[in-house]
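J.: The structure is given below, and queries will be raised subsequently.
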Amino acid sequence: MNHNTHPGRRLPAEWEPQSFVQLTWPHADTDWAPYLDEAYECFLAIARAVAVRSDLLVVTRDVRATEEQLRRAGVAMRSDGGRGAVLFEAPTDDTWARDHAFITTIDGDAGCVLHDFRFNGWGAKFAAGRDNAINRMLATAGMTGGATYEDDMDTVLEGGSIESDGRGTILTTSCCLFAPNRNGYRTKEEAEAMLRGRLGAERVLWLDHGDLTGDDTDGHIDTLARLCPDDTIVYVRCDDTSDPDYEGLAAMERELGALRTADGRAYRLLPLPMAAPAYYDGERLPATYANFLVMNGAVLMPFYGDAERDAVAAGVLRQAFPDREVVGIDCRVLIRQHGSLHCVTMQYPESVTLGGR
């Protein structure tokens, strides 16, 4: 694998200015089928919240039907003039844009690089061939301007598995990057070489503990702990000692307390409440307040129908992002498929332009 370093390359922080956000639309031939109308309502709520703040790219297998849904829901089309949604038709397996969409770096004076990493369904757990092909189709169609396409298909890397502070620090989990059927890394040094070469990481912070029951991703960092401005980390804390996730999350909290910034200081740690246990068909679901999206002027966060915990989590995010509006979106349907709001979205930095109409 080619892991040549690129001086000046960095992975921007999620709170930096953005050009557009991507959604990949659900349809009847996905696992959303038993409750597709509920899934549509959630995706439409996300689309509305995004489209008033930035452009929105919607990848869908049926442009005409999806545009009709969006218009009925009050989502503006960019073709009408001004900011709004742009639709792109492509066959899709599922909806997890965070993990199959481009990961974008800023490469100094060279501009942005769109990294097309391989998506293999979180270690060959699920069909992913169609989703894995979306990025190349977007690039070939000229949907992503102002950036260079980079074929990274020799490496599996999912957007939900990494967090960046925009200044060279990446936070990740060993249980995901070392999971079988991804890259076969045996040491942190091997994984760090990839993160340095592809994403410009200057240092990598590892969490070796923490996992949520029902998680299919092998411990994506965006379900557990998130980097925020001013050397802040928000993270999931479990106070119920009888919860099966308690021990792992407590160990993760201790690890977070031991992390240091690039200049040797402790991080400011803000605990998010553990979402109330949620079940579907007798199976516990990985509900987490850490799965929020930071975008222009706002933080879109998942709500789970628990007014008290939802409010506490929103208060924590207001502390972490005092200059942004916190917008809650009911994501109870998303966790039935073991993901949440951040998992179905992917942001693109300001200098990447969205083509199409």
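Order determines the names: the first chain of the structure tokens is A, the second B, and so forth; residues in each chain are numbered 1 upward, and ligands are numbered 1 upward as they are shown.
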Would you pick out the contacts of Ala28 (chain A) at 12 Å or less, using only C-alpha atoms, so that residues sharing its chain but fewer than 2 positions from it are not included, and give the list as a PDB file with C-alpha atoms, in the first residue's frame?

T.:
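Contents of result-v7.pdb, freshly written:
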ATOM      1  CA  TRP A  25     -31.876   7.945   0.141  1.00  0.00           C
ATOM      2  CA  PRO A  26     -33.693   4.828   1.448  1.00  0.00           C
ATOM      3  CA  THR A  30     -33.278  -1.989   1.518  1.00  0.00           C
ATOM      4  CA  ASP A  31     -33.699  -3.188   5.092  1.00  0.00           C
ATOM      5  CA  TRP A  32     -35.807  -0.058   5.661  1.00  0.00           C
ATOM      6  CA  ALA A  33     -38.688  -1.714   3.793  1.00  0.00           C
ATOM      7  CA  PRO A  34     -40.770  -2.784   6.862  1.00  0.00           C
ATOM      8  CA  TYR A  35     -40.984   0.827   8.074  1.00  0.00           C
ATOM      9  CA  LEU A  36     -40.031   2.764   4.959  1.00  0.00           C
ATOM     10  CA  ASP A  37     -42.503   5.599   5.510  1.00  0.00           C
ATOM     11  CA  ALA A  39     -37.538   6.237   7.471  1.00  0.00           C
ATOM     12  CA  TYR A  40     -38.621   8.726   4.817  1.00  0.00           C
ATOM     13  CA  THR A  60     -31.087   8.180  -4.910  1.00  0.00           C
ATOM     14  CA  ARG A  61     -32.036   5.380  -7.248  1.00  0.00           C
ATOM     15  CA  ASP A  62     -35.184   7.301  -8.338  1.00  0.00           C
ATOM     16  CA  THR A  92     -27.637   1.902  -3.881  1.00  0.00           C
ATOM     17  CA  ASP A  93     -27.499  -0.872  -1.305  1.00  0.00           C
ATOM     18  CA  ASP A  94     -28.317   1.229   1.756  1.00  0.00           C
ATOM     19  CA  THR A  95     -28.121   4.716   3.240  1.00  0.00           C
TER      20      THR A  95
END

J.: Taking a cut-off of 12 Å and counting only C-alpha atoms, can you build a table that, for each residue of region 13-91 of chain A near region 226-239 of chain A, reports the nearest atom pair and how far apart they are in Å (one decimal), sorted by chain then residue number, as a Markdown table?

T.:
| residue | atom | partner | partner_atom | distance |
| --- | --- | --- | --- | --- |
| A:Ala13 | CA | A:Cys228 | CA | 8.3 |
| A:Glu14 | CA | A:Cys228 | CA | 8.5 |
| A:Trp15 | CA | A:Pro229 | CA | 7.7 |
| A:Glu16 | CA | A:Pro229 | CA | 9.8 |

J.: Any chance you could export the current selection's C-alpha atoms as a tab-separated table (two decimals), in the first residue's frame?

T.:
chain	number	residue	atom	x	y	z
A	13	ALA	CA	-12.62	19.43	11.49
A	14	GLU	CA	-16.35	18.93	11.05
A	15	TRP	CA	-17.07	22.41	12.42
A	16	GLU	CA	-15.16	24.15	9.62

J.: Would you mind listing what lies within 9 Å of Thr345 (chain A) as a VMD selection string, with only C-alpha atoms counted and same-chain residues fewer than 2 positions away left out?

T.: chain A and resid 21 to 24 46 95 to 99 101 293 341 to 343 347

J.: Residues within 7 Å of Ile106 (chain A), please, as number ranges by chain. Count only C-alpha atoms; anything in the same chain fewer than 6 positions from it doesn't count.

T.: A: 9-12, 112-113

J.: Take the residues from that selection and write them out as a CSV table (one decimal), in the first residue's frame, keeping N, CA, C and O atoms.

T.:
chain,number,residue,atom,x,y,z
A,9,ARG,N,-1.1,18.4,4.0
A,9,ARG,CA,-2.4,17.8,3.9
A,9,ARG,C,-3.0,17.6,5.3
A,9,ARG,O,-2.3,17.3,6.3
A,10,ARG,N,-4.3,17.9,5.5
A,10,ARG,CA,-5.0,17.7,6.7
A,10,ARG,C,-6.4,17.3,6.5
A,10,ARG,O,-7.0,17.7,5.5
A,11,LEU,N,-7.0,16.6,7.5
A,11,LEU,CA,-8.4,16.3,7.5
A,11,LEU,C,-9.1,17.4,8.3
A,11,LEU,O,-8.9,17.6,9.5
A,12,PRO,N,-10.0,18.2,7.6
A,12,PRO,CA,-10.6,19.3,8.3
A,12,PRO,C,-11.5,18.8,9.4
A,12,PRO,O,-12.1,17.7,9.4
A,112,CYS,N,-8.6,20.7,-2.3
A,112,CYS,CA,-9.2,19.5,-1.6
A,112,CYS,C,-8.9,18.2,-2.4
A,112,CYS,O,-8.8,18.3,-3.6
A,113,VAL,N,-8.8,17.2,-1.6
A,113,VAL,CA,-8.7,15.8,-2.2
A,113,VAL,C,-9.9,15.0,-1.7
A,113,VAL,O,-10.1,14.9,-0.5

J.: Would you mind telling me which residue in A:Arg318, A:Arg336, A:Gly257, A:Arg324 lies nearest to Leu285 (chain A) when using only C-alpha atoms?

T.: A:Arg336

J.: Quick check for you: according to DSSP on this backbone, which residues of region 133-274 of chain A are classed as strand (DSSP E)? Reply as an MDAnalysis selection string.

T.: chainID A and resid 144:145 147:156 162:164 169:173 203:207 225:228 232:237 268:273

J.: Considering only C-alpha atoms, return as an MDAnalysis selection string whatever protein or nucleic-acid residues lie within 10 Å of region 127-143 of chain A, sequence-local ones (same chain, fewer than 6 positions apart) excluded.

T.: chainID A and resid 24 57 59 86:97 99:102 114:121 149:151 153 352:357

J.: Compile the contact shell of Ser161 (chain A) as a PDB file with all heavy atoms, in the first residue's frame: residues with an atom at most 7 Å away, counting only C-alpha atoms, same-chain residues fewer than 3 positions apart removed.

T.:
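Saved as around12.pdb:
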ATOM      1  N   GLU A 158     -13.801   3.908   6.908  1.00  0.00           N
ATOM      2  CA  GLU A 158     -15.142   4.468   7.015  1.00  0.00           C
ATOM      3  C   GLU A 158     -15.102   5.797   7.752  1.00  0.00           C
ATOM      4  O   GLU A 158     -14.387   5.946   8.739  1.00  0.00           O
ATOM      5  CB  GLU A 158     -16.038   3.470   7.765  1.00  0.00           C
ATOM      6  CG  GLU A 158     -16.154   2.123   7.091  1.00  0.00           C
ATOM      7  CD  GLU A 158     -15.887   0.947   8.014  1.00  0.00           C
ATOM      8  OE1 GLU A 158     -15.917   1.131   9.248  1.00  0.00           O
ATOM      9  OE2 GLU A 158     -15.611  -0.163   7.494  1.00  0.00           O
ATOM     10  N   THR A 172      -9.521   7.773  17.150  1.00  0.00           N
ATOM     11  CA  THR A 172     -10.124   6.578  16.579  1.00  0.00           C
ATOM     12  C   THR A 172     -10.138   5.461  17.609  1.00  0.00           C
ATOM     13  O   THR A 172      -9.704   5.649  18.754  1.00  0.00           O
ATOM     14  CB  THR A 172      -9.381   6.154  15.293  1.00  0.00           C
ATOM     15  OG1 THR A 172     -10.115   5.119  14.636  1.00  0.00           O
ATOM     16  CG2 THR A 172      -7.971   5.656  15.604  1.00  0.00           C
ATOM     17  N   CYS A 176     -12.194  -1.014  15.916  1.00  0.00           N
ATOM     18  CA  CYS A 176     -12.662  -0.871  14.541  1.00  0.00           C
ATOM     19  C   CYS A 176     -11.515  -1.031  13.550  1.00  0.00           C
ATOM     20  O   CYS A 176     -11.585  -1.839  12.632  1.00  0.00           O
ATOM     21  CB  CYS A 176     -13.355   0.476  14.339  1.00  0.00           C
ATOM     22  SG  CYS A 176     -13.898   0.727  12.634  1.00  0.00           S
ATOM     23  N   HIS A 220     -17.324   2.264  15.983  1.00  0.00           N
ATOM     24  CA  HIS A 220     -17.013   3.555  15.374  1.00  0.00           C
ATOM     25  C   HIS A 220     -16.914   4.643  16.434  1.00  0.00           C
ATOM     26  O   HIS A 220     -17.745   4.736  17.335  1.00  0.00           O
ATOM     27  CB  HIS A 220     -18.095   3.941  14.365  1.00  0.00           C
ATOM     28  CG  HIS A 220     -17.831   3.427  12.980  1.00  0.00           C
ATOM     29  ND1 HIS A 220     -18.611   3.770  11.907  1.00  0.00           N
ATOM     30  CD2 HIS A 220     -16.857   2.611  12.490  1.00  0.00           C
ATOM     31  CE1 HIS A 220     -18.144   3.198  10.814  1.00  0.00           C
ATOM     32  NE2 HIS A 220     -17.081   2.474  11.147  1.00  0.00           N
ATOM     33  N   ILE A 221     -15.927   5.506  16.251  1.00  0.00           N
ATOM     34  CA  ILE A 221     -15.705   6.578  17.222  1.00  0.00           C
ATOM     35  C   ILE A 221     -16.895   7.524  17.288  1.00  0.00           C
ATOM     36  O   ILE A 221     -17.180   8.107  18.346  1.00  0.00           O
ATOM     37  CB  ILE A 221     -14.400   7.346  16.880  1.00  0.00           C
ATOM     38  CG1 ILE A 221     -13.987   8.277  18.017  1.00  0.00           C
ATOM     39  CG2 ILE A 221     -14.525   8.083  15.571  1.00  0.00           C
ATOM     40  CD1 ILE A 221     -13.585   7.579  19.284  1.00  0.00           C
ATOM     41  N   ASP A 222     -17.643   7.689  16.169  1.00  0.00           N
ATOM     42  CA  ASP A 222     -18.741   8.660  16.180  1.00  0.00           C
ATOM     43  C   ASP A 222     -19.960   8.178  16.945  1.00  0.00           C
ATOM     44  O   ASP A 222     -20.955   8.908  17.051  1.00  0.00           O
ATOM     45  CB  ASP A 222     -19.112   9.110  14.760  1.00  0.00           C
ATOM     46  CG  ASP A 222     -19.810   8.043  13.934  1.00  0.00           C
ATOM     47  OD1 ASP A 222     -19.841   6.862  14.340  1.00  0.00           O
ATOM     48  OD2 ASP A 222     -20.338   8.400  12.847  1.00  0.00           O
TER      49      ASP A 222
END
